[in-house]
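Peer 1: So that you have it, the file is start.cif, and it contains mmCIF, N, CA and C atoms:
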```cif
data_structure
loop_
_atom_site.label_atom_id
_atom_site.label_comp_id
_atom_site.auth_asym_id
_atom_site.auth_seq_id
_atom_site.Cartn_x
_atom_site.Cartn_y
_atom_site.Cartn_z
N MET R 1 -74.56 127.30 -44.37
CA MET R 1 -74.18 127.72 -43.06
C MET R 1 -73.07 128.77 -43.19
N ARG R 2 -73.16 129.79 -42.44
CA ARG R 2 -72.22 130.89 -42.51
C ARG R 2 -71.25 130.81 -41.34
N ARG R 3 -69.92 131.03 -41.69
CA ARG R 3 -68.88 131.00 -40.65
C ARG R 3 -68.47 132.42 -40.31
N ASP R 4 -68.30 132.69 -39.06
CA ASP R 4 -67.77 133.97 -38.61
C ASP R 4 -66.37 133.73 -38.05
N GLY R 5 -65.30 134.25 -38.73
CA GLY R 5 -63.94 134.11 -38.22
C GLY R 5 -63.14 133.07 -38.98
N PHE R 6 -61.95 132.78 -38.44
CA PHE R 6 -61.02 131.86 -39.06
C PHE R 6 -60.82 130.65 -38.17
N THR R 7 -60.46 129.55 -38.79
CA THR R 7 -60.16 128.35 -38.01
C THR R 7 -58.75 128.48 -37.46
N LEU R 8 -58.43 127.68 -36.50
CA LEU R 8 -57.10 127.68 -35.89
C LEU R 8 -56.03 127.33 -36.92
N LEU R 9 -56.31 126.40 -37.80
CA LEU R 9 -55.37 126.00 -38.84
C LEU R 9 -55.06 127.16 -39.78
N GLU R 10 -56.07 127.92 -40.17
CA GLU R 10 -55.85 129.08 -41.05
C GLU R 10 -54.98 130.14 -40.37
N VAL R 11 -55.19 130.37 -39.09
CA VAL R 11 -54.39 131.34 -38.34
C VAL R 11 -52.93 130.88 -38.25
N ILE R 12 -52.72 129.59 -37.98
CA ILE R 12 -51.35 129.05 -37.88
C ILE R 12 -50.63 129.16 -39.22
N VAL R 13 -51.30 128.84 -40.32
CA VAL R 13 -50.69 128.94 -41.65
C VAL R 13 -50.36 130.40 -41.97
N ALA R 14 -51.26 131.31 -41.66
CA ALA R 14 -51.02 132.73 -41.92
C ALA R 14 -49.83 133.24 -41.11
N LEU R 15 -49.75 132.87 -39.82
CA LEU R 15 -48.63 133.31 -38.98
C LEU R 15 -47.31 132.70 -39.45
N THR R 16 -47.35 131.47 -39.92
CA THR R 16 -46.14 130.83 -40.44
C THR R 16 -45.65 131.56 -41.69
N LEU R 17 -46.56 131.90 -42.59
CA LEU R 17 -46.17 132.63 -43.80
C LEU R 17 -45.61 134.02 -43.46
N ILE R 18 -46.23 134.69 -42.51
CA ILE R 18 -45.73 136.00 -42.09
C ILE R 18 -44.34 135.86 -41.46
N GLY R 19 -44.15 134.82 -40.64
CA GLY R 19 -42.83 134.58 -40.02
C GLY R 19 -41.75 134.31 -41.05
N ILE R 20 -42.07 133.50 -42.07
CA ILE R 20 -41.09 133.23 -43.13
C ILE R 20 -40.76 134.51 -43.88
N GLY R 21 -41.76 135.31 -44.17
CA GLY R 21 -41.54 136.57 -44.87
C GLY R 21 -40.64 137.50 -44.08
N PHE R 22 -40.89 137.63 -42.75
CA PHE R 22 -40.06 138.49 -41.93
C PHE R 22 -38.63 137.96 -41.81
N SER R 23 -38.46 136.65 -41.72
CA SER R 23 -37.10 136.11 -41.62
C SER R 23 -36.31 136.38 -42.89
N VAL R 24 -36.94 136.27 -44.06
CA VAL R 24 -36.26 136.59 -45.31
C VAL R 24 -35.93 138.07 -45.35
N LEU R 25 -36.85 138.90 -44.95
CA LEU R 25 -36.64 140.35 -44.93
C LEU R 25 -35.49 140.72 -44.00
N PHE R 26 -35.46 140.19 -42.78
CA PHE R 26 -34.41 140.51 -41.82
C PHE R 26 -33.05 139.96 -42.26
N ALA R 27 -33.03 138.80 -42.89
CA ALA R 27 -31.76 138.26 -43.40
C ALA R 27 -31.20 139.18 -44.48
N GLY R 28 -32.03 139.67 -45.36
CA GLY R 28 -31.58 140.61 -46.38
C GLY R 28 -31.09 141.92 -45.79
N MET R 29 -31.79 142.41 -44.79
CA MET R 29 -31.37 143.65 -44.14
C MET R 29 -30.04 143.45 -43.41
N SER R 30 -29.86 142.30 -42.80
CA SER R 30 -28.62 142.02 -42.09
C SER R 30 -27.44 141.98 -43.06
N GLY R 31 -27.62 141.33 -44.20
CA GLY R 31 -26.57 141.30 -45.21
C GLY R 31 -26.25 142.68 -45.73
N SER R 32 -27.26 143.50 -45.91
CA SER R 32 -27.05 144.87 -46.38
C SER R 32 -26.29 145.69 -45.35
N LEU R 33 -26.59 145.51 -44.08
CA LEU R 33 -25.90 146.24 -43.02
C LEU R 33 -24.43 145.82 -42.95
N ARG R 34 -24.14 144.52 -43.11
CA ARG R 34 -22.76 144.06 -43.11
C ARG R 34 -22.00 144.65 -44.30
N GLY R 35 -22.65 144.68 -45.46
CA GLY R 35 -22.03 145.28 -46.64
C GLY R 35 -21.76 146.75 -46.44
N LEU R 36 -22.71 147.46 -45.84
CA LEU R 36 -22.54 148.88 -45.57
C LEU R 36 -21.40 149.11 -44.59
N GLU R 37 -21.27 148.26 -43.59
CA GLU R 37 -20.18 148.37 -42.63
C GLU R 37 -18.82 148.18 -43.32
N ARG R 38 -18.73 147.21 -44.23
CA ARG R 38 -17.48 147.00 -44.97
C ARG R 38 -17.14 148.21 -45.84
N VAL R 39 -18.15 148.80 -46.47
CA VAL R 39 -17.92 149.99 -47.29
C VAL R 39 -17.43 151.14 -46.42
N GLU R 40 -18.02 151.32 -45.26
CA GLU R 40 -17.60 152.39 -44.35
C GLU R 40 -16.17 152.17 -43.87
N LEU R 41 -15.80 150.92 -43.55
CA LEU R 41 -14.43 150.63 -43.13
C LEU R 41 -13.44 150.92 -44.25
N THR R 42 -13.80 150.55 -45.47
CA THR R 42 -12.94 150.82 -46.61
C THR R 42 -12.77 152.32 -46.81
N GLU R 43 -13.85 153.05 -46.72
CA GLU R 43 -13.80 154.50 -46.87
C GLU R 43 -12.93 155.12 -45.77
N HIS R 44 -13.02 154.60 -44.57
CA HIS R 44 -12.21 155.10 -43.45
C HIS R 44 -10.73 154.84 -43.72
N ARG R 45 -10.40 153.65 -44.23
CA ARG R 45 -9.00 153.33 -44.56
C ARG R 45 -8.48 154.23 -45.67
N VAL R 46 -9.31 154.50 -46.67
CA VAL R 46 -8.90 155.39 -47.76
C VAL R 46 -8.62 156.79 -47.21
N GLU R 47 -9.45 157.26 -46.32
CA GLU R 47 -9.26 158.58 -45.73
C GLU R 47 -7.98 158.62 -44.90
N GLN R 48 -7.71 157.56 -44.13
CA GLN R 48 -6.47 157.49 -43.36
C GLN R 48 -5.25 157.52 -44.29
N ALA R 49 -5.32 156.78 -45.38
CA ALA R 49 -4.22 156.75 -46.35
C ALA R 49 -4.01 158.13 -46.96
N ARG R 50 -5.08 158.80 -47.31
CA ARG R 50 -4.97 160.15 -47.88
C ARG R 50 -4.32 161.11 -46.89
N LEU R 51 -4.71 161.01 -45.63
CA LEU R 51 -4.13 161.89 -44.62
C LEU R 51 -2.64 161.61 -44.44
N LYS R 52 -2.26 160.34 -44.44
CA LYS R 52 -0.85 159.99 -44.28
C LYS R 52 -0.04 160.48 -45.48
N LEU R 53 -0.57 160.31 -46.69
CA LEU R 53 0.13 160.81 -47.88
C LEU R 53 0.20 162.33 -47.87
N ALA R 54 -0.82 163.00 -47.33
CA ALA R 54 -0.79 164.46 -47.22
C ALA R 54 0.30 164.89 -46.23
N GLN R 55 0.47 164.13 -45.15
CA GLN R 55 1.56 164.42 -44.22
C GLN R 55 2.91 164.28 -44.90
N VAL R 56 3.08 163.22 -45.67
CA VAL R 56 4.33 163.01 -46.40
C VAL R 56 4.55 164.16 -47.38
N ASP R 57 3.48 164.65 -47.97
CA ASP R 57 3.58 165.75 -48.93
C ASP R 57 4.05 167.04 -48.26
N LEU R 58 3.80 167.19 -46.97
CA LEU R 58 4.22 168.39 -46.24
C LEU R 58 5.72 168.40 -45.94
N ILE R 59 6.35 167.25 -46.04
CA ILE R 59 7.78 167.16 -45.74
C ILE R 59 8.56 167.75 -46.90
N ARG R 60 9.48 168.66 -46.59
CA ARG R 60 10.21 169.37 -47.62
C ARG R 60 11.21 168.50 -48.36
N VAL R 61 12.02 167.76 -47.64
CA VAL R 61 13.04 166.91 -48.26
C VAL R 61 12.87 165.49 -47.75
N ILE R 62 12.72 164.57 -48.68
CA ILE R 62 12.59 163.15 -48.34
C ILE R 62 13.81 162.43 -48.86
N ARG R 63 14.41 161.64 -48.00
CA ARG R 63 15.58 160.87 -48.42
C ARG R 63 15.12 159.62 -49.17
N PRO R 64 15.81 159.27 -50.25
CA PRO R 64 15.51 157.99 -50.90
C PRO R 64 15.94 156.84 -49.98
N ARG R 65 15.30 155.70 -50.14
CA ARG R 65 15.58 154.50 -49.34
C ARG R 65 15.37 154.75 -47.85
N ASP R 66 14.33 155.45 -47.53
CA ASP R 66 13.96 155.73 -46.14
C ASP R 66 12.60 155.11 -45.88
N SER R 67 12.24 154.95 -44.63
CA SER R 67 10.93 154.38 -44.32
C SER R 67 10.45 154.88 -42.96
N ALA R 68 9.16 154.74 -42.77
CA ALA R 68 8.51 155.05 -41.50
C ALA R 68 7.30 154.13 -41.39
N SER R 69 6.92 153.82 -40.16
CA SER R 69 5.76 152.94 -39.98
C SER R 69 5.03 153.30 -38.70
N GLY R 70 3.83 152.79 -38.60
CA GLY R 70 3.01 153.03 -37.42
C GLY R 70 1.70 152.28 -37.51
N VAL R 71 0.81 152.58 -36.58
CA VAL R 71 -0.49 151.93 -36.52
C VAL R 71 -1.55 153.01 -36.34
N PHE R 72 -2.60 152.96 -37.17
CA PHE R 72 -3.73 153.87 -37.00
C PHE R 72 -4.56 153.44 -35.80
N GLU R 73 -5.47 154.31 -35.37
CA GLU R 73 -6.29 154.04 -34.18
C GLU R 73 -7.09 152.75 -34.29
N ASP R 74 -7.50 152.39 -35.50
CA ASP R 74 -8.33 151.20 -35.67
C ASP R 74 -7.52 149.92 -35.86
N GLY R 75 -6.20 149.99 -35.68
CA GLY R 75 -5.37 148.80 -35.77
C GLY R 75 -4.76 148.54 -37.13
N VAL R 76 -5.04 149.37 -38.11
CA VAL R 76 -4.45 149.22 -39.45
C VAL R 76 -2.99 149.64 -39.37
N ARG R 77 -2.10 148.74 -39.79
CA ARG R 77 -0.68 149.05 -39.79
C ARG R 77 -0.30 149.73 -41.10
N TRP R 78 0.53 150.77 -41.03
CA TRP R 78 0.95 151.47 -42.23
C TRP R 78 2.47 151.54 -42.27
N THR R 79 2.99 151.54 -43.49
CA THR R 79 4.42 151.69 -43.72
C THR R 79 4.61 152.58 -44.95
N VAL R 80 5.46 153.58 -44.82
CA VAL R 80 5.82 154.43 -45.94
C VAL R 80 7.27 154.13 -46.28
N GLU R 81 7.51 153.77 -47.53
CA GLU R 81 8.87 153.49 -47.99
C GLU R 81 9.17 154.36 -49.19
N THR R 82 10.37 154.91 -49.24
CA THR R 82 10.77 155.73 -50.37
C THR R 82 11.89 155.04 -51.13
N SER R 83 11.91 155.25 -52.42
CA SER R 83 12.98 154.69 -53.25
C SER R 83 13.24 155.66 -54.41
N PRO R 84 14.49 155.70 -54.89
CA PRO R 84 14.78 156.61 -56.00
C PRO R 84 14.09 156.12 -57.27
N PHE R 85 13.52 157.04 -58.01
CA PHE R 85 12.89 156.70 -59.29
C PHE R 85 13.71 157.31 -60.42
N ILE R 86 13.97 158.62 -60.33
CA ILE R 86 14.89 159.30 -61.25
C ILE R 86 15.88 160.05 -60.37
N PRO R 87 17.10 159.55 -60.28
CA PRO R 87 18.07 160.20 -59.38
C PRO R 87 18.57 161.52 -59.93
N ALA R 88 19.11 162.35 -59.04
CA ALA R 88 19.74 163.61 -59.45
C ALA R 88 21.01 163.29 -60.21
N ILE R 89 21.34 164.13 -61.18
CA ILE R 89 22.53 163.92 -62.00
C ILE R 89 23.50 165.08 -61.74
N GLU R 90 24.69 164.75 -61.36
CA GLU R 90 25.74 165.76 -61.20
C GLU R 90 27.01 165.17 -61.80
N ASP R 91 27.06 165.12 -63.12
CA ASP R 91 28.16 164.48 -63.84
C ASP R 91 28.72 165.44 -64.88
N GLY R 92 29.72 166.18 -64.52
CA GLY R 92 30.41 167.05 -65.46
C GLY R 92 29.49 168.01 -66.18
N ALA R 93 29.31 167.79 -67.49
CA ALA R 93 28.52 168.70 -68.33
C ALA R 93 27.04 168.61 -68.02
N GLN R 94 26.57 167.41 -67.67
CA GLN R 94 25.14 167.25 -67.35
C GLN R 94 24.94 167.50 -65.86
N ARG R 95 23.97 168.33 -65.58
CA ARG R 95 23.67 168.60 -64.17
C ARG R 95 22.17 168.77 -64.03
N ASN R 96 21.58 167.91 -63.23
CA ASN R 96 20.16 168.00 -62.90
C ASN R 96 20.06 167.85 -61.40
N PRO R 97 19.97 168.96 -60.67
CA PRO R 97 19.99 168.88 -59.21
C PRO R 97 18.65 168.47 -58.60
N ALA R 98 17.78 167.90 -59.38
CA ALA R 98 16.48 167.46 -58.86
C ALA R 98 16.35 165.96 -59.05
N SER R 99 15.47 165.37 -58.28
CA SER R 99 15.23 163.94 -58.40
C SER R 99 13.75 163.66 -58.24
N VAL R 100 13.37 162.46 -58.64
CA VAL R 100 11.99 161.99 -58.44
C VAL R 100 12.08 160.77 -57.54
N ILE R 101 11.29 160.79 -56.50
CA ILE R 101 11.29 159.71 -55.51
C ILE R 101 9.94 159.01 -55.53
N ARG R 102 9.96 157.69 -55.51
CA ARG R 102 8.72 156.90 -55.40
C ARG R 102 8.40 156.76 -53.91
N VAL R 103 7.16 157.06 -53.57
CA VAL R 103 6.68 156.93 -52.19
C VAL R 103 5.59 155.86 -52.19
N ALA R 104 5.83 154.78 -51.46
CA ALA R 104 4.86 153.68 -51.40
C ALA R 104 4.28 153.60 -49.98
N LEU R 105 2.97 153.68 -49.88
CA LEU R 105 2.26 153.55 -48.60
C LEU R 105 1.58 152.19 -48.59
N THR R 106 1.95 151.36 -47.63
CA THR R 106 1.38 150.02 -47.50
C THR R 106 0.47 149.99 -46.28
N LEU R 107 -0.76 149.52 -46.48
CA LEU R 107 -1.72 149.35 -45.39
C LEU R 107 -1.93 147.86 -45.18
N GLU R 108 -1.91 147.40 -43.93
CA GLU R 108 -2.14 145.99 -43.62
C GLU R 108 -3.11 145.90 -42.44
N TRP R 109 -4.07 144.97 -42.56
CA TRP R 109 -5.04 144.76 -41.49
C TRP R 109 -5.56 143.34 -41.58
N ASN R 110 -6.22 142.91 -40.52
CA ASN R 110 -6.83 141.58 -40.49
C ASN R 110 -8.29 141.72 -40.91
N GLY R 111 -8.58 141.21 -42.10
CA GLY R 111 -9.94 141.26 -42.62
C GLY R 111 -10.71 140.00 -42.29
N ARG R 112 -11.90 139.90 -42.77
CA ARG R 112 -12.73 138.73 -42.46
C ARG R 112 -12.22 137.48 -43.19
N ASN R 113 -11.43 137.67 -44.27
CA ASN R 113 -10.85 136.54 -45.00
C ASN R 113 -9.36 136.40 -44.72
N GLY R 114 -8.90 136.88 -43.59
CA GLY R 114 -7.48 136.79 -43.24
C GLY R 114 -6.78 138.12 -43.44
N PRO R 115 -5.45 138.09 -43.42
CA PRO R 115 -4.68 139.34 -43.56
C PRO R 115 -4.92 140.00 -44.92
N GLN R 116 -5.08 141.32 -44.90
CA GLN R 116 -5.30 142.11 -46.11
C GLN R 116 -4.16 143.11 -46.25
N LYS R 117 -3.81 143.42 -47.50
CA LYS R 117 -2.72 144.35 -47.75
C LYS R 117 -3.03 145.16 -49.00
N ARG R 118 -2.83 146.47 -48.92
CA ARG R 118 -3.00 147.36 -50.06
C ARG R 118 -1.79 148.28 -50.13
N VAL R 119 -1.30 148.53 -51.33
CA VAL R 119 -0.16 149.41 -51.54
C VAL R 119 -0.59 150.56 -52.45
N LEU R 120 -0.33 151.78 -52.00
CA LEU R 120 -0.60 152.98 -52.78
C LEU R 120 0.74 153.63 -53.10
N GLU R 121 0.94 154.00 -54.35
CA GLU R 121 2.20 154.63 -54.74
C GLU R 121 1.95 156.02 -55.29
N THR R 122 2.89 156.90 -55.00
CA THR R 122 2.89 158.23 -55.57
C THR R 122 4.34 158.61 -55.84
N TYR R 123 4.54 159.68 -56.54
CA TYR R 123 5.88 160.11 -56.89
C TYR R 123 6.08 161.55 -56.44
N ARG R 124 7.30 161.85 -56.07
CA ARG R 124 7.61 163.15 -55.49
C ARG R 124 8.81 163.76 -56.21
N TYR R 125 8.63 164.93 -56.79
CA TYR R 125 9.72 165.67 -57.42
C TYR R 125 10.29 166.61 -56.38
N GLN R 126 11.60 166.58 -56.22
CA GLN R 126 12.19 167.50 -55.26
C GLN R 126 13.58 167.92 -55.70
N ALA R 127 13.88 169.16 -55.38
CA ALA R 127 15.21 169.70 -55.67
C ALA R 127 16.18 169.18 -54.63
N VAL R 128 17.37 168.86 -55.06
CA VAL R 128 18.40 168.39 -54.14
C VAL R 128 19.31 169.57 -53.84
N ASP R 129 19.35 169.97 -52.55
CA ASP R 129 20.17 171.12 -52.19
C ASP R 129 21.40 170.73 -51.39
N GLY R 130 21.62 169.45 -51.17
CA GLY R 130 22.83 168.99 -50.49
C GLY R 130 22.74 168.93 -48.98
N THR R 131 21.67 169.45 -48.39
CA THR R 131 21.54 169.37 -46.93
C THR R 131 21.06 168.00 -46.53
N GLN R 132 21.50 167.57 -45.37
CA GLN R 132 21.11 166.26 -44.85
C GLN R 132 19.77 166.39 -44.12
N ALA R 133 18.77 165.73 -44.61
CA ALA R 133 17.43 165.80 -44.03
C ALA R 133 17.29 164.77 -42.92
N PRO R 134 16.46 165.07 -41.91
CA PRO R 134 16.17 164.05 -40.89
C PRO R 134 15.45 162.87 -41.52
N SER R 135 15.36 161.78 -40.78
CA SER R 135 14.69 160.59 -41.31
C SER R 135 13.20 160.87 -41.50
N LEU R 136 12.60 160.08 -42.35
CA LEU R 136 11.16 160.20 -42.62
C LEU R 136 10.37 159.97 -41.32
N GLU R 137 10.80 159.00 -40.53
CA GLU R 137 10.13 158.71 -39.25
C GLU R 137 10.15 159.95 -38.34
N GLN R 138 11.29 160.61 -38.23
CA GLN R 138 11.41 161.80 -37.38
C GLN R 138 10.52 162.93 -37.91
N GLN R 139 10.55 163.13 -39.21
CA GLN R 139 9.77 164.23 -39.78
C GLN R 139 8.27 164.00 -39.63
N LEU R 140 7.82 162.75 -39.84
CA LEU R 140 6.38 162.47 -39.64
C LEU R 140 6.00 162.62 -38.17
N HIS R 141 6.89 162.23 -37.28
CA HIS R 141 6.60 162.36 -35.85
C HIS R 141 6.48 163.83 -35.46
N GLN R 142 7.30 164.70 -36.06
CA GLN R 142 7.22 166.13 -35.79
C GLN R 142 5.91 166.72 -36.26
N LEU R 143 5.36 166.18 -37.37
CA LEU R 143 4.10 166.69 -37.90
C LEU R 143 2.91 166.33 -37.03
N GLU R 144 3.00 165.23 -36.31
CA GLU R 144 1.84 164.77 -35.51
C GLU R 144 1.75 165.43 -34.19
#
```
Take the structure in the file and give it back as structure tokens.

Peer 2:
Amino acid sequence: MRRDGFTLLEVIVALTLIGIGFSVLFAGMSGSLRGLERVELTEHRVEQARLKLAQVDLIRVIRPRDSASGVFEDGVRWTVETSPFIPAIEDGAQRNPASVIRVALTLEWNGRNGPQKRVLETYRYQAVDGTQAPSLEQQLHQLE
């Protein structure tokens, strides 16, 4: 005897297998999209940090032991702190009117696993000319 078509049981099993396959596929795609979103957020934070460090680089004279802080548009808090690394020397026979300053940029945000914090450091060589520079906060505000 010849059958034309499928039984109801065969159709139900086939649809169940297709449904399981699609659910696995969509779960994988969802995980990939979440991973891609995290990568994009990280890239955005890196770009914001680069821009802030570029702004600091535009400042002619930075005082040691100075700081500035703020919040980026996406809620990431930033703080720039400066500290002396190699101070200027003006001692009798030895004279080095330049100094090296450590510039630390701290980024803080609320991640999916709680508060996150990253610190980026750079160093700045600058000649000391004896003039009193405005605060880092004032100078960054003038740049914006």

Peer 1: What is the distance, in Å and to one decimal place, between atom C of Asp66 in chain R and CA of Gln138 in chain R?

Peer 2: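 Interatomic distance here is 10.9 Å.
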
Peer 1: Considering only strand (DSSP E or B) as DSSP defines it on the backbone, what residues of chain R qualify? List them as a PyMOL selection string.

Peer 2: chain R and resi 67-71+77-86+89-91+94-96+98-111+114-127

Peer 1: At what distance in Å, to one decimal, does atom N of Leu136 in chain R lie from atom N of Arg45 in chain R?

Peer 2: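 Atom-to-atom, atom N of Arg45 in chain R to atom N of Leu136 in chain R, that is 24.0 Å.
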
Peer 1: Pick from R:Glu37, R:Glu43, R:Glu73, R:Glu81: nearest to Ser135 in chain R, with only C-alpha atoms counted?

Peer 2: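 Counting only C-alpha atoms, the residue closest to Ser135 in chain R is R:Glu81.
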
Peer 1: Using all atoms listed in the file, collect all residues at a distance of at most 6 Å from (-4.9, 147.9, -37.8) as written in the file, then present them as a PyMOL selection string.

Peer 2: chain R and resi 72+74-77+108-110

Peer 1: List as a VMD selection string the protein and nucleic acid residues near Pro64 in chain R, meaning an atom at most 8 Å away when only N, CA and C atoms are counted, but skip any in the same chain fewer than 4 places from it.

Peer 2: chain R and resid 81 to 85 100 to 102
